[in-house]
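**Student:** Before we start, here is the structure in question, set down as structure tokens.
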Amino acid sequence: MSSTHPHITPLKVYFLVFATLIAGTWLTYFVAYKDFGWLNTPVAMAIAIVKAGVVVLYFMHVKWQSRLTMMFAAGGFIWLFTLFAFTLQDYFTRSWMPLYQ
Amino acid sequence: MSSTVATPAAEPRTNYLNVDYGWKSWVFSTDHKRIAVMYLITIAFMILVGGSFAILVRLELATPAGDMLQSETYNKIFTMHGVVMVFFFLIPGVPAVLGNFLVPIMIGAKDLAFPKVNLLSYYIFLVGILLTLLAAAMGGIDTGWTFYTPYSSTYSNGQVALAAVAVFITGFSSILTGLNFVVTIHKMRAPGMTWFRLPLFIWAHYATSLIILLSTPVVAITIVLVALERLFHVGVFDPTYGGDPVLFQHMFWFYSHPAVYIMILPAMGVISELISAFSKKRVFGYPVVAFSSLAIAVIGFFVWGHHMFVTGQSTYAGVVFSVITMLVAVPSAIKVFNWVSTMYKGDIWMTTPMCFAIAFIGLFTVGGLTGIFLGTMGLDIHMHDTYFVVAHFHYVMVGGMVTAFWGGLHFWWPKMFGRMYPENMGRVSAAIIFIGFNMTFFPQFILGYMGMPRRYHFYPEEWQVLNVLSTAGATLLGLGYLLPMVYLPWSLKFGKVAGKNPWAAKGLEWETDSPPTTFNFDKVPVVTEEAYAYPEGARHQPEAKVV
Amino acid sequence: MSSVDATGLAHHFEDLEQQREAATLGMWAFLVTEIMFFGGLFGAYVVYRTMYPQAWDNASNQLDVLLGAVNTTVLIVSSLTMALAVRCAAKGNNRQVAGFTFLTLLLGFVFLGVKVIEYKHKWDHHLMPGPNFQLDGVVGGHEQIFFALYFAMTGMHAFHMIIGAGLMLWVILKALRNDYTPQNHTHVEMIGLYWHFVDIVWIFLFPLLYLLGKHGHAIGAVVTGGH
Ligand code: HEM
Ligand SMILES: [Cu+2]
């Protein structure tokens with residue numbers, strides 16, 4: 001990680017990542033035409049998360065960064081999840097009380 | 001980071017203020033201390049602007065009839081009061097002035113990690129101010145500082161879009177400051193300055209910065225949506241198209257509840273410093289106080305629904321938010337207990353800053369406890385949108401943050417400008433502020449509990465006595481605030497020269513010159529002891545106490 | 001005042017390593033704010049999709065999947081060229097930095113061009129949210145909210161790409177001046193992070209906006225819990 005010896009990722013890694021991303025894109029595309037019922041969005045999101053994951057780890061070098069940077073990178077996504085969770089707990093439970101129907 | 005690069009010893013009398021003259025050396029300066037001073041001047045101006053609006057509100061409320069201002073004008077006045085105070089004083093107040101000045105010095109750094117970004121954040125702040133004032137001049141806004149939809153997005157006649165842009169821009173100034181602090185505190189600490197040797201002021205600013213980074217962008221994008229809705233009628237918050245106005249409130253309070261901790265956490269950091277310095281004791285339970293800042297930052301994110309008990313939010317969600325609200329009060333209470341325990345058996349020196357600090361503890365406690373009332377879902381159905389809420393948040397924001405701001409400013413004034421202010425004047429103004437404040441806002445608890453709604457300018461006759469009391473208190477309070485605005489500038493020229501450490505306090509900032517040199521220290525300091533390392537049973541110098 | 005020495009070390013840092021670590025952390029902190037910024041839009045998306053799954057599928061079917069997929073590919077290639085530009089900078093090869101960055105810039109423009117075509121199509125078909133919005137002859141359906149978010153999300157994304165394009169020009173300029181060395185190329189590294197982030201946003205936007213109603217019958221998914 002030292003700046004005097006910059007990390008140089010082997011080209012092979014970059015091309016593997018690239019191939020994964022392209023494959024992922026077309027996979028989402030084809031999968032979208034299949035019906036998995038309630039799993040449709042989870043499948044699409046799973047593919048997107050894998051794609052985003054390899055970008056973060058390899059293109060953005062987080063794999064070779066300090067733990068602190070990793071924590072920040074992960075923290076953003078975790079916090080986003082809390083925004084969703086606590087907002088949705090309202091929307092999902094509005095029908096629980098007869099008052100609101 | 002271990003090498004001690006020796007900068008050649010500076011001329012004894014050179015400091016950040018006299019190193020350079022001329023307006024250019026200020027407006028292009030990337031020195032964190034000069035930027036802090038520019039913020040101080042700008043914010044002082046905004047206090048006067050926001051304060052004038054407050055005077056108008058209180059004058060109007062002196063009589064039950066709506067006789068001085070039209071209803072619409074009244075709405076615009078209280079909105080401008082809220083917007084100016086919240087976004088241009090309460091949020092940036094402590095971090096941008098005291099934080100900017102002290103964070104690098106307290107950790108032994110030469111500057112913040114990104115000095116140019118720091119300057120940029122100041123100018124963004126300035127643009128935000130100008131746009132807000134422009135919006136006011138072009139007809140104003142009447143939505144309240146909360147910009148609730150669909151009123152703001154569809155019905156209001158004011159300059160909502162322009163004000164939205166202003167608040168959006170100001171948000172970025174705050175983000176850049178927070179970002180700078182986070183990186184500086186992580187990466188620029190002097191050798192030996194471990195996390196648990198950091199002053200609590202730094203912990204508080206670190207926690208605040210995390211909140212800023214995680215919450216401000218959400219309100220920014222929400223404001224963009226409001227502006228889109230208003231300009232193009234796209235339907236996101238408009239019920240006629242199936243939009244949900246309550247979603248706006250979720251997104252708004254996801255920022256704005258944490259924002260109240262953006263206001264109070266740095267203030268709490270200030271209080272920890274003051275209490276320790278003037279009790280001559282290490283802060284009781286230092287690690288607990290440090291972690292309570294982080295706990296407030298984290299838990300504070302999950303209580304926003306307590307502002308929405310009487311909206312269409314589900315009752316289940318209300319219960320969840322209500323319970324977590326009870327939890328968030330715990331770390332605040334821990335701080336109060338620990339400050340009091342710090343004072344216990346300490347050698348208390350009642351300087352001006354200490355007077356403010358003690359006032360803070362009392363006022364913040366009242367404010368926090370009434371927050372608990374409001375966080376109780378059942379009670380809040382009765383008290384929501386009444387003067388009880390107004391009194392609550394003024395106790396925490398004005399009694400809390402503003403009092404701490406004055407305390408901190410008086411404490412570090414000698415460091416910032418090298419001069420002492422007249423100590424007795426300081427104590428007098430602290431006393432006036434304390435009395436005036438309680439006179440202004442305590443009656444509002446009673447009024448609110450009796451049912452007086454906020455944001456109306458007329459009320460039944462039987463409430464006049466309390467309202468007049470409040471207006472009279474506000475006059476006193478205003479006087480209390482004006483006093484330091486006179487004697488502090490006066491002291492710049494006529495005050496006694498302060499010397500390095502007029503309070504005999506611990507901390508890196510007291511080891512450098514007053515005012516500090518441009519790079520803060522002649523050589524990088526090496527830290528060998530914990531913060532507030534006062535010896536057991538330390539006393540103040542007897543001659544120091546007679547000021 | 002913030003003076004910089006010959007190796008590119010600013011006065012207030014001890015060494016290049018500290019300076020680079022600070023920049024990296026700062027950039028990531030900034031990206032965290034970006035995540036939350038776009039996150040607000042994604043949050044609104046989730047809420048309304050929960051409320052109106054049917055309208056969401058309908059509206060999504062109005063988008064051109066092929067153009068979306070092509071654009072996704074373009075963006076991924078540009079991420080690769082960006083990564084290669086940073087790699088060359090780490091080896092001090094400034095000419096190649098300029099070359100790869102130029103390619104990245106070009107691909108960015110291709111993406112934006114396709115976006116313009118798509119927007120134009122929406123405009124022609126009364127799919128711009130607002131008083132004139134119309135879908136299958138129906139005025140003011142819930143599809144309008146989808147399109148409001150579609151434009152907000154892709155618009156914000158495009159806006160970030162335009163800023164990115166400006167940054168690319170800056171990198172090219174610096175590369176042509178031979179500014180990057182193996183010891184100090186933090187500048188292009190940070191801009192690379194930004195560009196990859198913009199790519200990541202699109203990785204989520206593509207399936208969430210373009211691919212909803214494709215599987216025959218119109219049921220949203222997790223968020224609706226299946227109806
Ligand atoms: C000790 C913990 C606290 C609790 C439990 C608490 C609780 C609450 C609750 C439940 C409300 C909503 C009342 C209503 O609208 O019906 C409220 C409003 C408010 N609180 Fe607090 N609060 C606390 C601390 C603070 C602090 C530290 C600040 C600021 C420095 C603050 C500022 C505000 C503001 C500005 C509002 C009103 C917002 C508006 O509607 O305009 N609170 N508080
Ligand atoms: Cu709150």
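We label chains A, B, ... in the order they appear in the structure tokens, count residues from 1 in each chain, and number ligands from 1 in the order shown.
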Could you give me the residues within 9 Å of ligand 2, counting only C-alpha atoms and all ligand atoms, as a list in words?

**Tutor:**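 Those residues are Trp253, Ser256, His257, Pro258, Ala259, Val260, Tyr261, Gly300, Val303, Trp304, Gly305, His306, His307, Thr325, Gly371 and Gly375 of chain B.
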
**Student:** With N, CA, C and O atoms retained, write the just-selected residues as a tab-separated table (two decimals), in the first residue's frame.

**Tutor:**
chain	number	residue	atom	x	y	z
B	253	TRP	N	-36.74	14.10	7.80
B	253	TRP	CA	-36.32	13.86	9.17
B	253	TRP	C	-35.18	12.87	9.26
B	253	TRP	O	-34.48	12.82	10.28
B	256	SER	N	-33.00	15.62	9.37
B	256	SER	CA	-33.15	16.70	10.33
B	256	SER	C	-33.18	16.23	11.77
B	256	SER	O	-32.86	17.01	12.65
B	257	HIS	N	-33.56	15.00	12.04
B	257	HIS	CA	-33.32	14.61	13.43
B	257	HIS	C	-31.83	14.47	13.70
B	257	HIS	O	-31.33	15.11	14.63
B	258	PRO	N	-31.08	13.69	12.90
B	258	PRO	CA	-29.63	13.70	13.13
B	258	PRO	C	-29.05	15.12	13.13
B	258	PRO	O	-28.08	15.40	13.84
B	259	ALA	N	-29.68	16.02	12.37
B	259	ALA	CA	-29.15	17.39	12.35
B	259	ALA	C	-29.22	18.04	13.72
B	259	ALA	O	-28.37	18.87	14.05
B	260	VAL	N	-30.21	17.69	14.54
B	260	VAL	CA	-30.23	18.31	15.86
B	260	VAL	C	-29.01	17.83	16.66
B	260	VAL	O	-28.49	18.56	17.50
B	261	TYR	N	-28.51	16.64	16.33
B	261	TYR	CA	-27.28	16.21	17.00
B	261	TYR	C	-26.06	16.84	16.36
B	261	TYR	O	-25.02	16.98	17.00
B	300	GLY	N	-29.09	8.18	17.06
B	300	GLY	CA	-29.82	9.35	16.58
B	300	GLY	C	-30.38	9.18	15.18
B	300	GLY	O	-31.27	9.91	14.76
B	303	VAL	N	-34.47	7.46	15.08
B	303	VAL	CA	-35.57	7.96	15.90
B	303	VAL	C	-36.41	8.97	15.13
B	303	VAL	O	-37.32	9.56	15.68
B	304	TRP	N	-36.10	9.17	13.84
B	304	TRP	CA	-36.69	10.32	13.17
B	304	TRP	C	-38.21	10.30	13.15
B	304	TRP	O	-38.83	11.36	13.11
B	305	GLY	N	-38.78	9.09	13.22
B	305	GLY	CA	-40.23	9.02	13.16
B	305	GLY	C	-40.94	9.68	14.32
B	305	GLY	O	-42.17	9.85	14.28
B	306	HIS	N	-40.20	10.10	15.38
B	306	HIS	CA	-40.90	10.75	16.49
B	306	HIS	C	-41.40	12.14	16.11
B	306	HIS	O	-42.11	12.77	16.88
B	307	HIS	N	-41.00	12.62	14.93
B	307	HIS	CA	-41.58	13.87	14.45
B	307	HIS	C	-42.87	13.63	13.68
B	307	HIS	O	-43.50	14.57	13.21
B	325	THR	N	-36.38	6.35	20.68
B	325	THR	CA	-36.19	7.70	21.18
B	325	THR	C	-35.82	7.68	22.66
B	325	THR	O	-34.97	8.46	23.12
B	371	GLY	N	-37.82	16.50	25.87
B	371	GLY	CA	-37.78	15.67	24.66
B	371	GLY	C	-38.34	14.29	24.93
B	371	GLY	O	-39.03	13.70	24.09
B	375	GLY	N	-41.21	12.39	23.04
B	375	GLY	CA	-40.93	11.13	22.38
B	375	GLY	C	-41.89	10.03	22.79
B	375	GLY	O	-41.92	8.96	22.18

**Student:** 7 Å from ligand 1 is the threshold here; counting only C-alpha atoms and all ligand atoms, which polymer residues fall inside it? Answer as a PDB file with N, CA, C and O atoms, in the first residue's frame.

**Tutor:**
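Generated file (pocket_17.pdb):
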ATOM      1  N   TRP B 145     -39.435  26.171   8.487  1.00  0.00           N
ATOM      2  CA  TRP B 145     -38.106  25.690   8.077  1.00  0.00           C
ATOM      3  C   TRP B 145     -38.158  24.236   7.625  1.00  0.00           C
ATOM      4  O   TRP B 145     -37.217  23.721   7.039  1.00  0.00           O
ATOM      5  N   THR B 146     -39.294  23.548   7.876  1.00  0.00           N
ATOM      6  CA  THR B 146     -39.386  22.128   7.554  1.00  0.00           C
ATOM      7  C   THR B 146     -39.852  21.856   6.131  1.00  0.00           C
ATOM      8  O   THR B 146     -39.834  20.708   5.701  1.00  0.00           O
ATOM      9  N   VAL B 260     -30.214  17.686  14.538  1.00  0.00           N
ATOM     10  CA  VAL B 260     -30.226  18.310  15.864  1.00  0.00           C
ATOM     11  C   VAL B 260     -29.009  17.832  16.660  1.00  0.00           C
ATOM     12  O   VAL B 260     -28.494  18.561  17.501  1.00  0.00           O
ATOM     13  N   TYR B 261     -28.513  16.642  16.335  1.00  0.00           N
ATOM     14  CA  TYR B 261     -27.280  16.213  16.996  1.00  0.00           C
ATOM     15  C   TYR B 261     -26.061  16.836  16.355  1.00  0.00           C
ATOM     16  O   TYR B 261     -25.024  16.982  17.003  1.00  0.00           O
ATOM     17  N   MET B 263     -26.097  19.830  15.734  1.00  0.00           N
ATOM     18  CA  MET B 263     -26.026  21.077  16.484  1.00  0.00           C
ATOM     19  C   MET B 263     -25.490  20.851  17.892  1.00  0.00           C
ATOM     20  O   MET B 263     -24.686  21.637  18.388  1.00  0.00           O
ATOM     21  N   ILE B 264     -25.940  19.790  18.542  1.00  0.00           N
ATOM     22  CA  ILE B 264     -25.654  19.705  19.971  1.00  0.00           C
ATOM     23  C   ILE B 264     -24.347  18.977  20.272  1.00  0.00           C
ATOM     24  O   ILE B 264     -23.684  19.272  21.259  1.00  0.00           O
ATOM     25  N   HIS B 306     -40.196  10.098  15.378  1.00  0.00           N
ATOM     26  CA  HIS B 306     -40.897  10.754  16.491  1.00  0.00           C
ATOM     27  C   HIS B 306     -41.396  12.144  16.109  1.00  0.00           C
ATOM     28  O   HIS B 306     -42.108  12.765  16.877  1.00  0.00           O
ATOM     29  N   HIS B 307     -41.002  12.615  14.934  1.00  0.00           N
ATOM     30  CA  HIS B 307     -41.577  13.872  14.454  1.00  0.00           C
ATOM     31  C   HIS B 307     -42.869  13.632  13.683  1.00  0.00           C
ATOM     32  O   HIS B 307     -43.495  14.570  13.213  1.00  0.00           O
ATOM     33  N   THR B 325     -36.379   6.346  20.679  1.00  0.00           N
ATOM     34  CA  THR B 325     -36.186   7.705  21.183  1.00  0.00           C
ATOM     35  C   THR B 325     -35.818   7.679  22.665  1.00  0.00           C
ATOM     36  O   THR B 325     -34.974   8.457  23.123  1.00  0.00           O
ATOM     37  N   MET B 326     -36.450   6.788  23.415  1.00  0.00           N
ATOM     38  CA  MET B 326     -36.078   6.681  24.827  1.00  0.00           C
ATOM     39  C   MET B 326     -34.601   6.299  24.947  1.00  0.00           C
ATOM     40  O   MET B 326     -33.877   6.792  25.806  1.00  0.00           O
ATOM     41  N   VAL B 328     -32.120   6.986  22.892  1.00  0.00           N
ATOM     42  CA  VAL B 328     -31.133   7.990  22.494  1.00  0.00           C
ATOM     43  C   VAL B 328     -30.899   8.986  23.618  1.00  0.00           C
ATOM     44  O   VAL B 328     -29.873   9.666  23.667  1.00  0.00           O
ATOM     45  N   ALA B 329     -31.851   9.067  24.543  1.00  0.00           N
ATOM     46  CA  ALA B 329     -31.650   9.998  25.654  1.00  0.00           C
ATOM     47  C   ALA B 329     -30.579   9.483  26.611  1.00  0.00           C
ATOM     48  O   ALA B 329     -29.983  10.263  27.354  1.00  0.00           O
ATOM     49  N   SER B 332     -27.062  10.947  26.150  1.00  0.00           N
ATOM     50  CA  SER B 332     -27.059  12.367  26.522  1.00  0.00           C
ATOM     51  C   SER B 332     -27.036  12.495  28.029  1.00  0.00           C
ATOM     52  O   SER B 332     -26.313  13.336  28.589  1.00  0.00           O
ATOM     53  N   GLY B 367     -34.258  20.737  28.470  1.00  0.00           N
ATOM     54  CA  GLY B 367     -34.604  20.472  27.076  1.00  0.00           C
ATOM     55  C   GLY B 367     -34.641  18.997  26.761  1.00  0.00           C
ATOM     56  O   GLY B 367     -35.567  18.499  26.121  1.00  0.00           O
ATOM     57  N   GLY B 368     -33.645  18.268  27.237  1.00  0.00           N
ATOM     58  CA  GLY B 368     -33.591  16.833  26.951  1.00  0.00           C
ATOM     59  C   GLY B 368     -34.732  16.089  27.607  1.00  0.00           C
ATOM     60  O   GLY B 368     -35.365  15.231  26.985  1.00  0.00           O
ATOM     61  N   LEU B 369     -35.020  16.451  28.863  1.00  0.00           N
ATOM     62  CA  LEU B 369     -36.103  15.737  29.553  1.00  0.00           C
ATOM     63  C   LEU B 369     -37.452  15.997  28.891  1.00  0.00           C
ATOM     64  O   LEU B 369     -38.274  15.084  28.758  1.00  0.00           O
ATOM     65  N   GLY B 371     -37.825  16.500  25.873  1.00  0.00           N
ATOM     66  CA  GLY B 371     -37.784  15.673  24.665  1.00  0.00           C
ATOM     67  C   GLY B 371     -38.342  14.292  24.928  1.00  0.00           C
ATOM     68  O   GLY B 371     -39.032  13.701  24.094  1.00  0.00           O
ATOM     69  N   ILE B 372     -38.055  13.781  26.116  1.00  0.00           N
ATOM     70  CA  ILE B 372     -38.598  12.472  26.480  1.00  0.00           C
ATOM     71  C   ILE B 372     -40.123  12.509  26.514  1.00  0.00           C
ATOM     72  O   ILE B 372     -40.792  11.584  26.064  1.00  0.00           O
ATOM     73  N   LEU B 374     -41.981  14.365  24.747  1.00  0.00           N
ATOM     74  CA  LEU B 374     -42.467  14.417  23.369  1.00  0.00           C
ATOM     75  C   LEU B 374     -42.247  13.105  22.644  1.00  0.00           C
ATOM     76  O   LEU B 374     -43.002  12.749  21.743  1.00  0.00           O
ATOM     77  N   GLY B 375     -41.213  12.392  23.045  1.00  0.00           N
ATOM     78  CA  GLY B 375     -40.933  11.129  22.383  1.00  0.00           C
ATOM     79  C   GLY B 375     -41.890  10.033  22.791  1.00  0.00           C
ATOM     80  O   GLY B 375     -41.919   8.958  22.179  1.00  0.00           O
ATOM     81  N   THR B 376     -42.653  10.267  23.837  1.00  0.00           N
ATOM     82  CA  THR B 376     -43.648   9.291  24.259  1.00  0.00           C
ATOM     83  C   THR B 376     -44.862   9.451  23.362  1.00  0.00           C
ATOM     84  O   THR B 376     -45.533  10.474  23.394  1.00  0.00           O
ATOM     85  N   ASP B 380     -47.354  12.802  22.864  1.00  0.00           N
ATOM     86  CA  ASP B 380     -47.065  13.714  21.766  1.00  0.00           C
ATOM     87  C   ASP B 380     -48.302  14.018  20.937  1.00  0.00           C
ATOM     88  O   ASP B 380     -48.378  15.068  20.290  1.00  0.00           O
ATOM     89  N   MET B 383     -49.236  17.077  22.483  1.00  0.00           N
ATOM     90  CA  MET B 383     -48.316  18.219  22.495  1.00  0.00           C
ATOM     91  C   MET B 383     -47.716  18.556  21.148  1.00  0.00           C
ATOM     92  O   MET B 383     -47.094  19.613  21.001  1.00  0.00           O
ATOM     93  N   HIS B 384     -47.917  17.693  20.165  1.00  0.00           N
ATOM     94  CA  HIS B 384     -47.325  17.961  18.858  1.00  0.00           C
ATOM     95  C   HIS B 384     -47.807  19.302  18.316  1.00  0.00           C
ATOM     96  O   HIS B 384     -48.978  19.653  18.461  1.00  0.00           O
ATOM     97  N   ASP B 385     -46.864  20.035  17.693  1.00  0.00           N
ATOM     98  CA  ASP B 385     -47.197  21.318  17.076  1.00  0.00           C
ATOM     99  C   ASP B 385     -47.771  22.347  18.050  1.00  0.00           C
ATOM    100  O   ASP B 385     -48.527  23.219  17.652  1.00  0.00           O
ATOM    101  N   VAL B 389     -43.448  22.055  22.092  1.00  0.00           N
ATOM    102  CA  VAL B 389     -42.364  21.648  21.196  1.00  0.00           C
ATOM    103  C   VAL B 389     -41.406  22.815  20.969  1.00  0.00           C
ATOM    104  O   VAL B 389     -40.178  22.663  21.001  1.00  0.00           O
ATOM    105  N   VAL B 390     -41.980  23.994  20.773  1.00  0.00           N
ATOM    106  CA  VAL B 390     -41.140  25.178  20.552  1.00  0.00           C
ATOM    107  C   VAL B 390     -40.222  25.392  21.757  1.00  0.00           C
ATOM    108  O   VAL B 390     -39.017  25.636  21.610  1.00  0.00           O
ATOM    109  N   HIS B 392     -39.315  23.117  23.960  1.00  0.00           N
ATOM    110  CA  HIS B 392     -38.347  22.011  23.998  1.00  0.00           C
ATOM    111  C   HIS B 392     -37.142  22.316  23.127  1.00  0.00           C
ATOM    112  O   HIS B 392     -35.999  22.289  23.572  1.00  0.00           O
ATOM    113  N   PHE B 393     -37.404  22.636  21.859  1.00  0.00           N
ATOM    114  CA  PHE B 393     -36.213  22.727  21.007  1.00  0.00           C
ATOM    115  C   PHE B 393     -35.437  24.010  21.242  1.00  0.00           C
ATOM    116  O   PHE B 393     -34.241  24.059  20.990  1.00  0.00           O
ATOM    117  N   VAL B 396     -32.970  23.059  24.022  1.00  0.00           N
ATOM    118  CA  VAL B 396     -31.772  22.334  23.585  1.00  0.00           C
ATOM    119  C   VAL B 396     -30.917  23.159  22.633  1.00  0.00           C
ATOM    120  O   VAL B 396     -29.693  23.112  22.685  1.00  0.00           O
ATOM    121  N   MET B 397     -31.568  23.904  21.739  1.00  0.00           N
ATOM    122  CA  MET B 397     -30.761  24.593  20.735  1.00  0.00           C
ATOM    123  C   MET B 397     -30.214  25.917  21.265  1.00  0.00           C
ATOM    124  O   MET B 397     -29.029  26.190  21.162  1.00  0.00           O
ATOM    125  N   GLY B 400     -28.931  25.140  24.916  1.00  0.00           N
ATOM    126  CA  GLY B 400     -27.812  24.211  24.769  1.00  0.00           C
ATOM    127  C   GLY B 400     -26.748  24.756  23.843  1.00  0.00           C
ATOM    128  O   GLY B 400     -25.751  25.333  24.266  1.00  0.00           O
ATOM    129  N   MET B 401     -26.998  24.620  22.548  1.00  0.00           N
ATOM    130  CA  MET B 401     -25.946  24.939  21.595  1.00  0.00           C
ATOM    131  C   MET B 401     -25.462  26.384  21.699  1.00  0.00           C
ATOM    132  O   MET B 401     -24.264  26.648  21.704  1.00  0.00           O
TER     133      MET B 401
END

**Student:** Compute the set of chain A residues within 6 Å of chain C, using only C-alpha atoms, and express it as number ranges by chain.

**Tutor:** A: 3-4, 32-35, 38, 40-41, 48, 52, 59-60, 76, 84

**Student:** Go through chain B and flag each residue having an atom no more than 12 Å from chain A; for those, report the closest pair of atoms plus their distance in Å to one decimal, using only C-alpha atoms, ordered by chain and rising number, as a Markdown table.

**Tutor:**
| residue | atom | partner | partner_atom | distance |
| --- | --- | --- | --- | --- |
| B:Leu179 | CA | A:Phe72 | CA | 11.9 |
| B:Val182 | CA | A:Phe72 | CA | 10.9 |
| B:Val183 | CA | A:Leu68 | CA | 10.9 |
| B:His186 | CA | A:Leu68 | CA | 9.2 |
| B:Lys187 | CA | A:Leu68 | CA | 10.8 |
| B:Leu210 | CA | A:Phe72 | CA | 10.3 |
| B:Ile211 | CA | A:Trp79 | CA | 10.8 |
| B:Leu213 | CA | A:Gly76 | CA | 9.4 |
| B:Leu214 | CA | A:Trp79 | CA | 7.4 |
| B:Ser215 | CA | A:Trp79 | CA | 9.4 |
| B:Pro217 | CA | A:Leu80 | CA | 11.2 |
| B:Val218 | CA | A:Leu83 | CA | 9.5 |
| B:Asp244 | CA | A:Tyr91 | CA | 10.6 |
| B:Val246 | CA | A:Tyr91 | CA | 10.1 |
| B:Leu247 | CA | A:Thr87 | CA | 8.2 |
| B:Phe248 | CA | A:Thr87 | CA | 10.8 |
| B:Gln249 | CA | A:Thr87 | CA | 10.2 |
| B:His250 | CA | A:Thr87 | CA | 6.6 |
| B:Met251 | CA | A:Thr87 | CA | 8.4 |
| B:Phe252 | CA | A:Thr87 | CA | 11.5 |
| B:Trp253 | CA | A:Thr87 | CA | 10.7 |
| B:Phe254 | CA | A:Leu83 | CA | 7.5 |
| B:Tyr255 | CA | A:Leu83 | CA | 10.3 |
| B:Val298 | CA | A:Trp79 | CA | 9.9 |
| B:Ile299 | CA | A:Thr82 | CA | 11.3 |
| B:Phe301 | CA | A:Leu83 | CA | 8.7 |
| B:Phe302 | CA | A:Phe86 | CA | 7.3 |
| B:Val303 | CA | A:Phe86 | CA | 9.2 |
| B:Trp304 | CA | A:Phe86 | CA | 9.2 |
| B:Gly305 | CA | A:Phe86 | CA | 8.9 |
| B:Met308 | CA | A:Asp90 | CA | 10.7 |
| B:Phe309 | CA | A:Asp90 | CA | 11.2 |
| B:Thr311 | CA | A:Asp90 | CA | 11.2 |
| B:Gly312 | CA | A:Tyr100 | CA | 8.1 |
| B:Gln313 | CA | A:Asp90 | CA | 5.9 |
| B:Ser314 | CA | A:Arg94 | CA | 4.5 |
| B:Thr315 | CA | A:Met97 | CA | 7.3 |
| B:Tyr316 | CA | A:Thr93 | CA | 6.5 |
| B:Ala317 | CA | A:Asp90 | CA | 5.1 |
| B:Gly318 | CA | A:Asp90 | CA | 8.1 |
| B:Val319 | CA | A:Asp90 | CA | 10.5 |
| B:Val320 | CA | A:Gln89 | CA | 9.1 |
| B:Phe321 | CA | A:Phe86 | CA | 9.0 |
| B:Ile324 | CA | A:Phe86 | CA | 11.7 |

**Student:** Would you write out those residues with C-alpha atoms, as an mmCIF file, in the first residue's frame?

**Tutor:**
data_model
loop_
_atom_site.group_PDB
_atom_site.id
_atom_site.type_symbol
_atom_site.label_atom_id
_atom_site.label_comp_id
_atom_site.auth_asym_id
_atom_site.auth_seq_id
_atom_site.Cartn_x
_atom_site.Cartn_y
_atom_site.Cartn_z
ATOM 1 C CA LEU B 179 -15.281 15.353 5.386
ATOM 2 C CA VAL B 182 -13.012 13.013 9.470
ATOM 3 C CA VAL B 183 -9.878 12.732 7.380
ATOM 4 C CA HIS B 186 -7.901 9.946 11.206
ATOM 5 C CA LYS B 187 -4.729 10.883 9.414
ATOM 6 C CA LEU B 210 -19.988 11.176 10.534
ATOM 7 C CA ILE B 211 -23.576 12.336 10.983
ATOM 8 C CA LEU B 213 -21.607 12.741 5.890
ATOM 9 C CA LEU B 214 -24.379 10.193 6.242
ATOM 10 C CA SER B 215 -27.418 12.410 6.569
ATOM 11 C CA PRO B 217 -26.905 14.098 1.178
ATOM 12 C CA VAL B 218 -30.333 12.640 1.815
ATOM 13 C CA ASP B 244 -47.059 10.366 -0.675
ATOM 14 C CA VAL B 246 -45.362 11.555 4.245
ATOM 15 C CA LEU B 247 -42.426 10.170 2.276
ATOM 16 C CA PHE B 248 -41.076 13.691 2.209
ATOM 17 C CA GLN B 249 -41.234 13.766 5.986
ATOM 18 C CA HIS B 250 -39.370 10.472 6.243
ATOM 19 C CA MET B 251 -36.591 11.725 4.012
ATOM 20 C CA PHE B 252 -36.522 15.163 5.614
ATOM 21 C CA TRP B 253 -36.316 13.864 9.175
ATOM 22 C CA PHE B 254 -33.779 11.229 8.226
ATOM 23 C CA TYR B 255 -31.556 14.276 7.960
ATOM 24 C CA VAL B 298 -25.626 6.099 15.648
ATOM 25 C CA ILE B 299 -28.850 5.845 17.639
ATOM 26 C CA PHE B 301 -30.348 7.983 13.089
ATOM 27 C CA PHE B 302 -33.175 5.674 14.105
ATOM 28 C CA VAL B 303 -35.573 7.963 15.896
ATOM 29 C CA TRP B 304 -36.690 10.323 13.165
ATOM 30 C CA GLY B 305 -40.235 9.016 13.156
ATOM 31 C CA MET B 308 -44.313 12.033 12.584
ATOM 32 C CA PHE B 309 -46.532 10.487 15.262
ATOM 33 C CA THR B 311 -49.024 11.905 10.328
ATOM 34 C CA GLY B 312 -50.110 8.868 8.358
ATOM 35 C CA GLN B 313 -47.115 6.945 9.677
ATOM 36 C CA SER B 314 -48.195 3.512 10.900
ATOM 37 C CA THR B 315 -48.765 3.110 14.609
ATOM 38 C CA TYR B 316 -46.373 0.194 14.651
ATOM 39 C CA ALA B 317 -43.596 2.363 13.208
ATOM 40 C CA GLY B 318 -44.524 5.024 15.753
ATOM 41 C CA VAL B 319 -44.014 2.585 18.599
ATOM 42 C CA VAL B 320 -40.630 1.511 17.255
ATOM 43 C CA PHE B 321 -39.478 5.104 16.866
ATOM 44 C CA ILE B 324 -35.642 4.059 20.241
#
